[in-house]
file run-v2.txt (compact mmCIF, C-alpha atoms (C1' of nucleotides))
# COMPACT_ATOMS: atom_id res chain seq x y z
CA MET A 1 -11.46 -8.75 4.42
CA LYS A 2 -10.53 -5.47 6.05
CA TYR A 3 -8.28 -7.53 8.29
CA TYR A 4 -6.23 -8.53 5.28
CA ILE A 5 -6.32 -5.23 3.42
CA LYS A 6 -5.21 -3.33 6.51
CA LYS A 7 -2.15 -5.53 6.78
CA LEU A 8 -1.40 -5.21 3.09
CA LYS A 9 -1.71 -1.43 3.25
CA CYS A 10 1.02 -1.45 5.88
CA LEU A 11 3.38 -2.96 3.34
CA SER A 12 3.04 -0.02 1.00
CA ASP A 13 5.43 2.28 2.78
CA GLU A 14 9.20 1.95 2.68
CA THR A 15 9.68 3.21 6.23
CA ARG A 16 7.34 0.55 7.58
CA ILE A 17 9.14 -2.14 5.61
CA ARG A 18 12.41 -0.94 7.11
CA ILE A 19 10.91 -1.07 10.60
CA LEU A 20 9.68 -4.60 10.04
CA LYS A 21 12.99 -5.64 8.54
CA VAL A 22 15.05 -4.53 11.54
CA ILE A 23 12.65 -6.26 13.91
CA ILE A 24 13.00 -9.44 11.87
CA GLN A 25 16.76 -8.95 11.84
CA SER A 26 16.93 -8.50 15.61
CA LYS A 27 15.18 -11.84 16.14
CA THR A 28 13.60 -10.35 19.29
CA GLU A 29 11.66 -7.30 20.25
CA LEU A 30 13.02 -3.82 19.66
CA CYS A 31 12.67 -0.63 21.61
CA VAL A 32 11.39 2.41 19.70
CA CYS A 33 14.64 4.26 20.31
CA GLU A 34 16.62 1.37 18.86
CA ILE A 35 14.52 1.52 15.72
CA VAL A 36 14.96 5.30 15.53
CA ASP A 37 18.72 4.98 15.80
CA SER A 38 18.85 2.17 13.25
CA LEU A 39 16.82 3.93 10.60
CA GLN A 40 17.85 7.50 11.44
CA ILE A 41 14.33 8.75 10.98
CA PRO A 42 12.62 11.13 13.46
CA PHE A 43 11.06 9.41 16.48
CA TYR A 44 7.60 10.82 15.82
CA THR A 45 7.62 9.42 12.30
CA ILE A 46 8.66 6.00 13.58
CA SER A 47 6.08 6.19 16.33
CA LYS A 48 3.27 6.91 13.87
CA HIS A 49 4.24 4.09 11.57
CA ILE A 50 4.46 1.70 14.48
CA LYS A 51 1.00 2.79 15.50
CA GLU A 52 -0.34 1.69 12.14
CA LEU A 53 1.51 -1.60 12.31
CA LYS A 54 0.01 -2.17 15.74
CA ASN A 55 -3.41 -1.19 14.49
CA ALA A 56 -3.11 -3.70 11.66
CA GLU A 57 -2.25 -6.36 14.24
CA ILE A 58 1.19 -6.89 12.79
CA LEU A 59 3.15 -5.66 15.78
CA SER A 60 2.39 -5.93 19.46
CA GLU A 61 3.80 -3.88 22.28
CA THR A 62 5.37 -4.62 25.64
CA LYS A 63 6.17 -1.93 28.16
CA GLU A 64 9.34 -2.17 30.11
CA GLY A 65 9.85 0.80 32.37
CA LYS A 66 10.58 3.87 30.33
CA PHE A 67 10.87 1.81 27.20
CA VAL A 68 8.29 0.40 24.83
CA LEU A 69 9.22 -2.73 22.96
CA TYR A 70 7.73 -4.02 19.74
CA SER A 71 7.67 -7.43 18.13
CA PHE A 72 5.44 -9.39 15.79
CA VAL A 73 2.14 -10.64 17.16
CA ASP A 74 1.17 -14.25 17.63
CA LYS A 75 3.17 -16.44 15.30
CA LYS A 76 0.22 -18.74 14.63
CA ASP A 77 -1.26 -16.31 12.11
CA ASP A 78 -0.63 -17.83 8.70
CA PHE A 79 -1.21 -14.63 6.76
CA LEU A 80 1.14 -12.67 8.97
CA ASN A 81 3.77 -15.37 8.66
CA LYS A 82 3.56 -15.14 4.90
CA ILE A 83 4.01 -11.38 5.16
CA ILE A 84 7.10 -11.83 7.31
CA ASP A 85 8.40 -14.33 4.82
CA LEU A 86 7.78 -11.89 1.99
CA ILE A 87 9.74 -9.15 3.73
CA LYS A 88 12.52 -11.56 4.57
CA SER A 89 12.89 -12.27 0.88
CA ILE A 90 13.82 -8.67 0.09
CA PRO A 91 17.63 -8.86 -0.01
CA ASP A 92 19.44 -7.56 3.07
CA GLU A 93 21.69 -5.44 0.90
CA PHE A 94 18.90 -2.86 0.57
CA PHE A 95 18.92 -2.47 4.32
CA SER A 96 22.63 -2.76 4.94
CA ASN A 97 22.94 0.61 6.64
CA ASP A 98 19.92 0.02 8.86
CA ILE A 99 21.26 -3.38 9.84
CA LYS A 100 24.73 -2.05 10.54
CA LEU A 101 23.36 0.65 12.82
CA LEU A 102 21.00 -1.83 14.44
CA GLU A 103 23.91 -4.04 15.35
CA LYS A 104 25.81 -1.15 16.85
CA ARG A 105 22.73 -0.17 18.83
CA LEU A 106 22.10 -3.70 20.04
CA SER A 107 25.68 -3.97 21.23
CA ILE A 108 24.98 -1.32 23.88
CA ARG A 109 22.25 -3.43 25.41
CA ASN A 110 22.77 -4.67 28.92
CA ASN A 111 21.69 -8.23 29.66
CA GLY A 112 19.90 -8.17 26.35
CA LYS A 113 17.84 -5.17 27.39
CA CYS A 114 17.76 -1.63 26.08
CA VAL A 115 19.33 0.73 28.58
CA VAL A 116 19.83 4.00 26.72
CA GLY A 117 17.53 6.28 24.79
CA MET A 118 17.96 7.82 21.40
CA ASN A 119 21.29 8.96 20.09
CA GLU A 120 19.71 10.07 16.88
CA ASN A 121 22.18 12.57 15.56
CA GLN A 122 25.24 11.49 17.44
CA ASN A 123 27.20 9.07 15.35
CA LEU A 124 26.76 5.68 16.84
CA MET B 1 14.43 -1.49 -3.65
CA LYS B 2 11.89 0.49 -5.66
CA TYR B 3 11.24 -2.72 -7.51
CA TYR B 4 9.98 -4.30 -4.30
CA ILE B 5 8.16 -1.30 -2.91
CA LYS B 6 6.31 -0.75 -6.16
CA LYS B 7 4.99 -4.30 -6.02
CA LEU B 8 4.04 -3.96 -2.38
CA LYS B 9 2.20 -0.70 -3.03
CA CYS B 10 0.06 -2.56 -5.52
CA LEU B 11 -1.19 -4.78 -2.74
CA SER B 12 -2.63 -1.87 -0.81
CA ASP B 13 -5.83 -1.53 -2.80
CA GLU B 14 -8.76 -3.88 -2.50
CA THR B 15 -9.71 -3.57 -6.16
CA ARG B 16 -6.23 -4.63 -7.23
CA ILE B 17 -6.34 -7.59 -4.87
CA ARG B 18 -9.66 -8.61 -6.38
CA ILE B 19 -8.18 -8.35 -9.88
CA LEU B 20 -5.23 -10.50 -8.90
CA LYS B 21 -7.48 -12.99 -7.16
CA VAL B 22 -9.67 -13.59 -10.20
CA ILE B 23 -6.61 -14.00 -12.41
CA ILE B 24 -5.24 -16.56 -9.95
CA GLN B 25 -8.63 -18.22 -9.85
CA SER B 26 -8.84 -18.44 -13.65
CA LYS B 27 -5.52 -20.29 -13.78
CA THR B 28 -4.91 -18.61 -17.16
CA GLU B 29 -4.94 -15.16 -18.60
CA LEU B 30 -8.01 -12.98 -18.42
CA CYS B 31 -9.40 -10.41 -20.79
CA VAL B 32 -10.09 -6.94 -19.36
CA CYS B 33 -13.80 -7.29 -20.10
CA GLU B 34 -13.91 -10.56 -18.20
CA ILE B 35 -12.39 -8.88 -15.18
CA VAL B 36 -14.84 -5.98 -15.48
CA ASP B 37 -17.79 -8.36 -15.58
CA SER B 38 -16.46 -10.42 -12.66
CA LEU B 39 -15.86 -7.50 -10.35
CA GLN B 40 -18.66 -5.25 -11.63
CA ILE B 41 -16.43 -2.23 -11.46
CA PRO B 42 -16.21 0.36 -14.31
CA PHE B 43 -13.82 -0.56 -17.11
CA TYR B 44 -11.76 2.58 -16.75
CA THR B 45 -11.16 1.87 -13.09
CA ILE B 46 -10.09 -1.68 -13.87
CA SER B 47 -7.92 -0.44 -16.70
CA LYS B 48 -6.09 2.01 -14.48
CA HIS B 49 -5.44 -0.54 -11.76
CA ILE B 50 -4.18 -3.00 -14.34
CA LYS B 51 -1.86 -0.32 -15.62
CA GLU B 52 -0.28 -0.05 -12.18
CA LEU B 53 0.01 -3.80 -11.85
CA LYS B 54 1.71 -3.88 -15.23
CA ASN B 55 3.96 -1.02 -14.25
CA ALA B 56 4.99 -2.89 -11.11
CA GLU B 57 5.84 -5.89 -13.26
CA ILE B 58 3.22 -8.04 -11.64
CA LEU B 59 1.04 -8.51 -14.69
CA SER B 60 2.00 -8.79 -18.33
CA GLU B 61 -0.18 -8.26 -21.34
CA THR B 62 -0.93 -10.18 -24.50
CA LYS B 63 -2.97 -8.73 -27.34
CA GLU B 64 -5.37 -10.94 -29.12
CA GLY B 65 -7.28 -9.05 -31.77
CA LYS B 66 -9.72 -6.69 -30.13
CA PHE B 67 -8.99 -8.12 -26.72
CA VAL B 68 -6.17 -7.54 -24.26
CA LEU B 69 -5.30 -10.40 -21.96
CA TYR B 70 -3.48 -10.21 -18.65
CA SER B 71 -1.63 -12.78 -16.62
CA PHE B 72 1.21 -12.84 -14.11
CA VAL B 73 4.69 -12.22 -15.43
CA ASP B 74 7.53 -14.72 -15.46
CA LYS B 75 6.95 -17.33 -12.81
CA LYS B 76 10.64 -17.50 -11.93
CA ASP B 77 10.42 -14.35 -9.83
CA ASP B 78 10.61 -15.50 -6.23
CA PHE B 79 9.24 -12.30 -4.75
CA LEU B 80 6.28 -12.28 -7.11
CA ASN B 81 5.57 -15.91 -6.35
CA LYS B 82 5.47 -15.12 -2.66
CA ILE B 83 3.03 -12.30 -3.38
CA ILE B 84 0.80 -14.65 -5.35
CA ASP B 85 1.00 -17.10 -2.50
CA LEU B 86 0.03 -14.39 -0.04
CA ILE B 87 -3.03 -13.44 -2.05
CA LYS B 88 -3.98 -17.08 -2.44
CA SER B 89 -4.04 -17.38 1.31
CA ILE B 90 -6.85 -14.83 1.64
CA PRO B 91 -9.91 -17.08 1.91
CA ASP B 92 -12.02 -17.42 -1.26
CA GLU B 93 -15.15 -16.62 0.69
CA PHE B 94 -14.27 -12.94 0.57
CA PHE B 95 -14.36 -13.11 -3.20
CA SER B 96 -17.26 -15.48 -3.63
CA ASN B 97 -19.30 -13.11 -5.76
CA ASP B 98 -16.37 -12.21 -7.99
CA ILE B 99 -15.56 -15.87 -8.45
CA LYS B 100 -19.15 -16.79 -9.20
CA LEU B 101 -19.40 -14.10 -11.87
CA LEU B 102 -16.00 -15.06 -13.23
CA GLU B 103 -17.16 -18.61 -13.74
CA LYS B 104 -20.28 -17.47 -15.54
CA ARG B 105 -18.16 -15.22 -17.73
CA LEU B 106 -15.63 -17.93 -18.49
CA SER B 107 -18.42 -20.29 -19.51
CA ILE B 108 -19.19 -18.06 -22.50
CA ARG B 109 -15.68 -18.48 -23.85
CA ASN B 110 -15.26 -20.25 -27.15
CA ASN B 111 -12.38 -22.67 -27.45
CA GLY B 112 -11.06 -21.22 -24.22
CA LYS B 113 -10.97 -17.75 -25.71
CA CYS B 114 -12.89 -14.62 -24.91
CA VAL B 115 -15.39 -13.89 -27.64
CA VAL B 116 -17.69 -11.23 -26.24
CA GLY B 117 -17.12 -7.80 -24.71
CA MET B 118 -18.48 -6.36 -21.53
CA ASN B 119 -21.95 -7.10 -20.27
CA GLU B 120 -21.36 -4.88 -17.29
CA ASN B 121 -24.87 -3.99 -16.20
CA GLN B 122 -26.74 -6.80 -17.81
CA ASN B 123 -27.14 -9.62 -15.37
CA LEU B 124 -24.83 -12.35 -16.44
C1' DA C 1 7.64 17.41 43.78
C1' DT C 2 10.54 18.54 40.00
C1' DT C 3 13.08 17.25 36.27
C1' DA C 4 14.64 14.31 32.58
C1' DT C 5 13.73 10.86 29.24
C1' DA C 6 10.81 7.89 26.04
C1' DT C 7 6.95 7.84 23.40
C1' DT C 8 2.54 9.34 21.60
C1' DT C 9 -0.63 12.60 19.67
C1' DG C 10 -2.87 16.79 17.47
C1' DC C 11 -2.57 19.98 14.02
C1' DT C 12 -0.96 21.60 9.59
C1' DT C 13 0.69 21.16 5.03
C1' DA C 14 2.17 18.81 0.92
C1' DT C 15 1.68 15.06 -1.88
C1' DA C 16 -0.26 10.68 -3.53
C1' DT C 17 -4.05 7.99 -4.81
C1' DG C 18 -8.68 6.44 -6.36
C1' DT C 19 -12.64 7.49 -9.00
C1' DG C 20 -15.64 9.54 -12.52
C1' DC C 21 -16.46 11.26 -17.00
C1' DA C 22 -15.27 12.41 -21.65
C1' DA C 23 -12.32 12.03 -25.20
C1' DA C 24 -8.62 9.38 -27.55
C1' DT C 25 -6.52 5.21 -29.40
C1' DG C 26 -6.43 0.93 -31.70
C1' DA C 27 -8.05 -3.14 -33.87
C1' DG C 28 -11.52 -5.69 -36.56
C1' DC C 29 -15.30 -5.47 -39.93
C1' DG C 30 -18.92 -4.16 -43.37
C1' DC D 1 -13.13 4.25 -45.62
C1' DG D 2 -16.27 4.78 -41.85
C1' DC D 3 -18.26 2.26 -37.94
C1' DT D 4 -18.19 -0.41 -33.82
C1' DC D 5 -16.22 -2.33 -29.93
C1' DA D 6 -12.35 -2.93 -26.36
C1' DT D 7 -9.29 -0.46 -23.91
C1' DT D 8 -6.51 3.46 -22.46
C1' DT D 9 -5.76 8.11 -21.09
C1' DG D 10 -6.22 13.13 -19.57
C1' DC D 11 -8.33 16.06 -16.54
C1' DA D 12 -10.96 17.31 -12.31
C1' DC D 13 -12.15 16.39 -7.71
C1' DA D 14 -12.27 14.22 -3.28
C1' DT D 15 -9.94 11.64 0.00
C1' DA D 16 -5.95 9.38 2.15
C1' DT D 17 -1.37 9.45 3.67
C1' DA D 18 3.27 11.02 5.21
C1' DA D 19 6.03 14.30 7.45
C1' DG D 20 7.16 18.22 10.46
C1' DC D 21 6.73 20.58 14.73
C1' DA D 22 4.90 21.49 19.22
C1' DA D 23 2.53 19.96 22.96
C1' DA D 24 0.87 16.08 25.81
C1' DT D 25 1.65 11.52 28.40
C1' DA D 26 4.02 8.45 30.97
C1' DT D 27 7.52 6.61 33.64
C1' DA D 28 11.89 6.94 36.10
C1' DA D 29 15.38 9.35 38.63
C1' DT D 30 16.99 13.07 41.61

call {"tool": "encode", "arguments": {"input": "run-v2.txt", "output": "structure tokens"}}
result
Amino acid sequence: MKYYIKKLKCLSDETRIRILKVIIQSKTELCVCEIVDSLQIPFYTISKHIKELKNAEILSETKEGKFVLYSFVDKKDDFLNKIIDLIKSIPDEFFSNDIKLLEKRLSIRNNGKCVVGMNENQNL
Amino acid sequence: MKYYIKKLKCLSDETRIRILKVIIQSKTELCVCEIVDSLQIPFYTISKHIKELKNAEILSETKEGKFVLYSFVDKKDDFLNKIIDLIKSIPDEFFSNDIKLLEKRLSIRNNGKCVVGMNENQNL
DNA sequence: ATTATATTTGCTTATATGTGCAAATGAGCG
DNA sequence: CGCTCATTTGCACATATAAGCAAATATAAT
């Protein structure tokens, strides 16, 4: 039961929903700095929310050199898939700025990989 | 956006999930006292959680004499339907006691309507 | 090695949330 | 009307959660 409640608790915060939405949008895994630049929220805040999402077994991490990448865990989990579906059904228009910045950030990737850190306050 | 977040916040509490689960299980509307007896949680706690669920436009209320009945709002809401679906996918075994007590409580209905108040501490 | 960059973590503070109890409301009934 | 029962609400308290900042890791680059 705690397994389910923990996941559901993760859905109760707007920042976490935004994180999940950009990961869905990216269709791959995202680097922390890419999420920071997309949402324009301090890196430590993003990091803490990601920690909870990882702890709830919603996201899983991959290390790639300096960078840490996050994506959804094992797609065979029916409950998690329903959660993803639920988030997908929130209209993109509520995330239009995040998505716009995400696209700009993704366009600086090299061979599909993140190559620069955070730009945070510099206009992308 | 707040519309969505408010609903999602409602999913973050185990008591609220249990309330929603028994309403789903009943396939109709439930009286507050029936929920109290099913979950064996104080009426004021149940009442406050229901208030939030109502506020998030997840549940709607019908008054019937002394009793107040709750059920899900308008079934045409896609997001709400996905939420219901999500809750349905949490295995019944986690709610087996609630469901057992619900069935006992529903069996004292008369013409499908609630006719008695709370039994709370008396073994059903 | 030393430095720079990416990310996490500990500590603090402010706010939100859940629960308990007592009192209030509201609707039927003698 | 006055009483009873179902439900809601206000207040107090304890706990949980989010955010900010500084310091700690970790890895890469020079």

call {"tool": "closest_residue", "arguments": {"input": "run-v2.txt", "among": "B:Phe67, B:Phe79, B:Phe43, B:Phe72", "to": "chain A", "atoms": "all atoms listed in the file"}}
result
B:Phe79

call {"tool": "residues_around", "arguments": {"input": "run-v2.txt", "residues": "region 19-29 of chain D", "least_positions_apart": "4", "cutoff": "8 Å", "atoms": "only C-alpha atoms (C1' of nucleotides)", "output": "VMD selection string"}}
result
(chain A and resid 45 65 to 66) or (chain C and resid 4 8 to 9)

call {"tool": "write_last_selection", "arguments": {"input": "run-v2.txt", "atoms": "C-alpha atoms (C1' of nucleotides)", "output": "short mmCIF file (atom, residue, chain, number, x, y, z; two decimals), in the coordinates of the input"}}
result
data_model
loop_
_atom_site.label_atom_id
_atom_site.label_comp_id
_atom_site.auth_asym_id
_atom_site.auth_seq_id
_atom_site.Cartn_x
_atom_site.Cartn_y
_atom_site.Cartn_z
CA THR A 45 7.62 9.42 12.30
CA GLY A 65 9.85 0.80 32.37
CA LYS A 66 10.58 3.87 30.33
"C1'" DA C 4 14.64 14.31 32.58
"C1'" DT C 8 2.54 9.34 21.60
"C1'" DT C 9 -0.63 12.60 19.67
#

call {"tool": "residues_around", "arguments": {"input": "run-v2.txt", "residues": "Lys63 (chain B)", "least_positions_apart": "5", "cutoff": "12 Å", "atoms": "all atoms listed in the file", "output": "JSON, numbers by chain"}}
result
{"B": [29, 30, 31, 32, 68, 69, 70, 71, 114], "C": [26, 27], "D": [6, 7]}

call {"tool": "closest_atom_pairs", "arguments": {"input": "run-v2.txt", "of": "chain C", "to": "chain B", "cutoff": "10 Å", "atoms": "all atoms listed in the file", "output": "tab-separated table"}}
result
residue	atom	partner	partner_atom	distance
C:DT17	C1'	B:Asp13	CA	9.9
C:DG18	C1'	B:Thr45	CA	8.5
C:DT19	C1'	B:Thr45	CA	7.1
C:DG20	C1'	B:Thr45	CA	8.9
C:DC21	C1'	B:Tyr44	CA	9.9
C:DG26	C1'	B:Lys66	CA	8.4
C:DA27	C1'	B:Lys66	CA	5.4
C:DG28	C1'	B:Lys66	CA	6.8

call {"tool": "atom_distance", "arguments": {"input": "run-v2.txt", "atom1": "C1' of DT15 (chain C)", "atom2": "C1' of DA14 (chain D)"}}
result
14.0 Å

call {"tool": "atom_distance", "arguments": {"input": "run-v2.txt", "atom1": "CA of Glu93 (chain B)", "atom2": "CA of Leu8 (chain B)"}}
result
23.2 Å

call {"tool": "closest_residue", "arguments": {"input": "run-v2.txt", "among": "A:Leu53, A:Met1, A:Leu101, A:Leu86", "to": "Ile35 (chain A)", "atoms": "all atoms listed in the file"}}
result
A:Leu101

call {"tool": "residues_around", "arguments": {"input": "run-v2.txt", "residues": "DT30 (chain D)", "least_positions_apart": "4", "cutoff": "12 Å", "atoms": "only C-alpha atoms (C1' of nucleotides)", "output": "PyMOL selection string"}}
result
chain C and resi 1-4

call {"tool": "build_atoms", "arguments": {"input": "run-v2.txt", "residues": "region 83-94 of chain B", "atoms": "all heavy atoms", "output": "PDB file, in the coordinates of the input"}}
result
ATOM      1  N   ILE B  83       4.190 -13.188  -3.374  1.00  0.00           N
ATOM      2  CA  ILE B  83       3.030 -12.300  -3.380  1.00  0.00           C
ATOM      3  C   ILE B  83       1.774 -13.060  -3.815  1.00  0.00           C
ATOM      4  O   ILE B  83       0.723 -12.970  -3.194  1.00  0.00           O
ATOM      5  CB  ILE B  83       3.268 -11.087  -4.317  1.00  0.00           C
ATOM      6  CG1 ILE B  83       4.225 -10.097  -3.641  1.00  0.00           C
ATOM      7  CG2 ILE B  83       1.956 -10.399  -4.679  1.00  0.00           C
ATOM      8  CD1 ILE B  83       4.614  -8.913  -4.493  1.00  0.00           C
ATOM      9  N   ILE B  84       1.933 -13.852  -4.865  1.00  0.00           N
ATOM     10  CA  ILE B  84       0.800 -14.650  -5.350  1.00  0.00           C
ATOM     11  C   ILE B  84       0.332 -15.598  -4.253  1.00  0.00           C
ATOM     12  O   ILE B  84      -0.859 -15.739  -3.987  1.00  0.00           O
ATOM     13  CB  ILE B  84       1.185 -15.432  -6.622  1.00  0.00           C
ATOM     14  CG1 ILE B  84       1.477 -14.435  -7.759  1.00  0.00           C
ATOM     15  CG2 ILE B  84       0.084 -16.400  -7.024  1.00  0.00           C
ATOM     16  CD1 ILE B  84       2.044 -15.068  -9.019  1.00  0.00           C
ATOM     17  N   ASP B  85       1.298 -16.190  -3.582  1.00  0.00           N
ATOM     18  CA  ASP B  85       1.000 -17.100  -2.500  1.00  0.00           C
ATOM     19  C   ASP B  85       0.244 -16.401  -1.366  1.00  0.00           C
ATOM     20  O   ASP B  85      -0.683 -16.939  -0.768  1.00  0.00           O
ATOM     21  CB  ASP B  85       2.322 -17.675  -1.984  1.00  0.00           C
ATOM     22  CG  ASP B  85       2.107 -18.992  -1.295  1.00  0.00           C
ATOM     23  OD1 ASP B  85       1.405 -19.841  -1.877  1.00  0.00           O
ATOM     24  OD2 ASP B  85       2.613 -19.154  -0.167  1.00  0.00           O
ATOM     25  N   LEU B  86       0.676 -15.187  -1.094  1.00  0.00           N
ATOM     26  CA  LEU B  86       0.030 -14.390  -0.040  1.00  0.00           C
ATOM     27  C   LEU B  86      -1.423 -14.126  -0.388  1.00  0.00           C
ATOM     28  O   LEU B  86      -2.321 -14.285   0.452  1.00  0.00           O
ATOM     29  CB  LEU B  86       0.803 -13.073   0.102  1.00  0.00           C
ATOM     30  CG  LEU B  86       0.385 -12.126   1.228  1.00  0.00           C
ATOM     31  CD1 LEU B  86       0.680 -12.740   2.582  1.00  0.00           C
ATOM     32  CD2 LEU B  86       1.105 -10.792   1.101  1.00  0.00           C
ATOM     33  N   ILE B  87      -1.663 -13.728  -1.625  1.00  0.00           N
ATOM     34  CA  ILE B  87      -3.030 -13.440  -2.050  1.00  0.00           C
ATOM     35  C   ILE B  87      -3.879 -14.706  -2.053  1.00  0.00           C
ATOM     36  O   ILE B  87      -5.035 -14.691  -1.649  1.00  0.00           O
ATOM     37  CB  ILE B  87      -3.043 -12.778  -3.448  1.00  0.00           C
ATOM     38  CG1 ILE B  87      -2.328 -11.425  -3.376  1.00  0.00           C
ATOM     39  CG2 ILE B  87      -4.469 -12.584  -3.957  1.00  0.00           C
ATOM     40  CD1 ILE B  87      -2.030 -10.804  -4.706  1.00  0.00           C
ATOM     41  N   LYS B  88      -3.255 -15.800  -2.462  1.00  0.00           N
ATOM     42  CA  LYS B  88      -3.980 -17.080  -2.440  1.00  0.00           C
ATOM     43  C   LYS B  88      -4.464 -17.414  -1.040  1.00  0.00           C
ATOM     44  O   LYS B  88      -5.500 -18.031  -0.863  1.00  0.00           O
ATOM     45  CB  LYS B  88      -3.061 -18.207  -2.930  1.00  0.00           C
ATOM     46  CG  LYS B  88      -3.036 -18.390  -4.425  1.00  0.00           C
ATOM     47  CD  LYS B  88      -2.195 -19.624  -4.769  1.00  0.00           C
ATOM     48  CE  LYS B  88      -2.023 -19.754  -6.276  1.00  0.00           C
ATOM     49  NZ  LYS B  88      -0.921 -20.696  -6.619  1.00  0.00           N
ATOM     50  N   SER B  89      -3.686 -16.988  -0.053  1.00  0.00           N
ATOM     51  CA  SER B  89      -4.040 -17.380   1.310  1.00  0.00           C
ATOM     52  C   SER B  89      -5.165 -16.533   1.918  1.00  0.00           C
ATOM     53  O   SER B  89      -5.612 -16.807   3.027  1.00  0.00           O
ATOM     54  CB  SER B  89      -2.801 -17.363   2.203  1.00  0.00           C
ATOM     55  OG  SER B  89      -2.476 -16.046   2.557  1.00  0.00           O
ATOM     56  N   ILE B  90      -5.630 -15.522   1.191  1.00  0.00           N
ATOM     57  CA  ILE B  90      -6.850 -14.830   1.640  1.00  0.00           C
ATOM     58  C   ILE B  90      -8.016 -15.723   1.235  1.00  0.00           C
ATOM     59  O   ILE B  90      -8.141 -16.083   0.073  1.00  0.00           O
ATOM     60  CB  ILE B  90      -7.010 -13.440   0.992  1.00  0.00           C
ATOM     61  CG1 ILE B  90      -5.761 -12.582   1.225  1.00  0.00           C
ATOM     62  CG2 ILE B  90      -8.255 -12.745   1.537  1.00  0.00           C
ATOM     63  CD1 ILE B  90      -5.802 -11.244   0.496  1.00  0.00           C
ATOM     64  N   PRO B  91      -8.853 -16.105   2.205  1.00  0.00           N
ATOM     65  CA  PRO B  91      -9.910 -17.080   1.910  1.00  0.00           C
ATOM     66  C   PRO B  91     -10.818 -16.676   0.737  1.00  0.00           C
ATOM     67  O   PRO B  91     -11.206 -15.516   0.619  1.00  0.00           O
ATOM     68  CB  PRO B  91     -10.718 -17.116   3.214  1.00  0.00           C
ATOM     69  CG  PRO B  91      -9.763 -16.679   4.267  1.00  0.00           C
ATOM     70  CD  PRO B  91      -8.856 -15.695   3.615  1.00  0.00           C
ATOM     71  N   ASP B  92     -11.148 -17.643  -0.095  1.00  0.00           N
ATOM     72  CA  ASP B  92     -12.020 -17.420  -1.260  1.00  0.00           C
ATOM     73  C   ASP B  92     -13.365 -16.825  -0.893  1.00  0.00           C
ATOM     74  O   ASP B  92     -13.970 -16.121  -1.686  1.00  0.00           O
ATOM     75  CB  ASP B  92     -12.276 -18.758  -1.986  1.00  0.00           C
ATOM     76  CG  ASP B  92     -11.070 -19.195  -2.783  1.00  0.00           C
ATOM     77  OD1 ASP B  92     -10.053 -18.472  -2.783  1.00  0.00           O
ATOM     78  OD2 ASP B  92     -11.151 -20.261  -3.423  1.00  0.00           O
ATOM     79  N   GLU B  93     -13.815 -17.107   0.314  1.00  0.00           N
ATOM     80  CA  GLU B  93     -15.150 -16.620   0.690  1.00  0.00           C
ATOM     81  C   GLU B  93     -15.297 -15.110   0.570  1.00  0.00           C
ATOM     82  O   GLU B  93     -16.388 -14.613   0.330  1.00  0.00           O
ATOM     83  CB  GLU B  93     -15.481 -17.071   2.123  1.00  0.00           C
ATOM     84  CG  GLU B  93     -14.401 -16.700   3.124  1.00  0.00           C
ATOM     85  CD  GLU B  93     -14.735 -17.123   4.571  1.00  0.00           C
ATOM     86  OE1 GLU B  93     -15.775 -16.682   5.082  1.00  0.00           O
ATOM     87  OE2 GLU B  93     -13.933 -17.890   5.127  1.00  0.00           O
ATOM     88  N   PHE B  94     -14.180 -14.389   0.700  1.00  0.00           N
ATOM     89  CA  PHE B  94     -14.270 -12.940   0.570  1.00  0.00           C
ATOM     90  C   PHE B  94     -14.453 -12.496  -0.874  1.00  0.00           C
ATOM     91  O   PHE B  94     -14.708 -11.336  -1.153  1.00  0.00           O
ATOM     92  CB  PHE B  94     -13.019 -12.270   1.148  1.00  0.00           C
ATOM     93  CG  PHE B  94     -12.876 -12.460   2.627  1.00  0.00           C
ATOM     94  CD1 PHE B  94     -11.854 -13.243   3.136  1.00  0.00           C
ATOM     95  CD2 PHE B  94     -13.769 -11.866   3.502  1.00  0.00           C
ATOM     96  CE1 PHE B  94     -11.731 -13.437   4.504  1.00  0.00           C
ATOM     97  CE2 PHE B  94     -13.641 -12.050   4.866  1.00  0.00           C
ATOM     98  CZ  PHE B  94     -12.621 -12.835   5.373  1.00  0.00           C
TER      99      PHE B  94
END
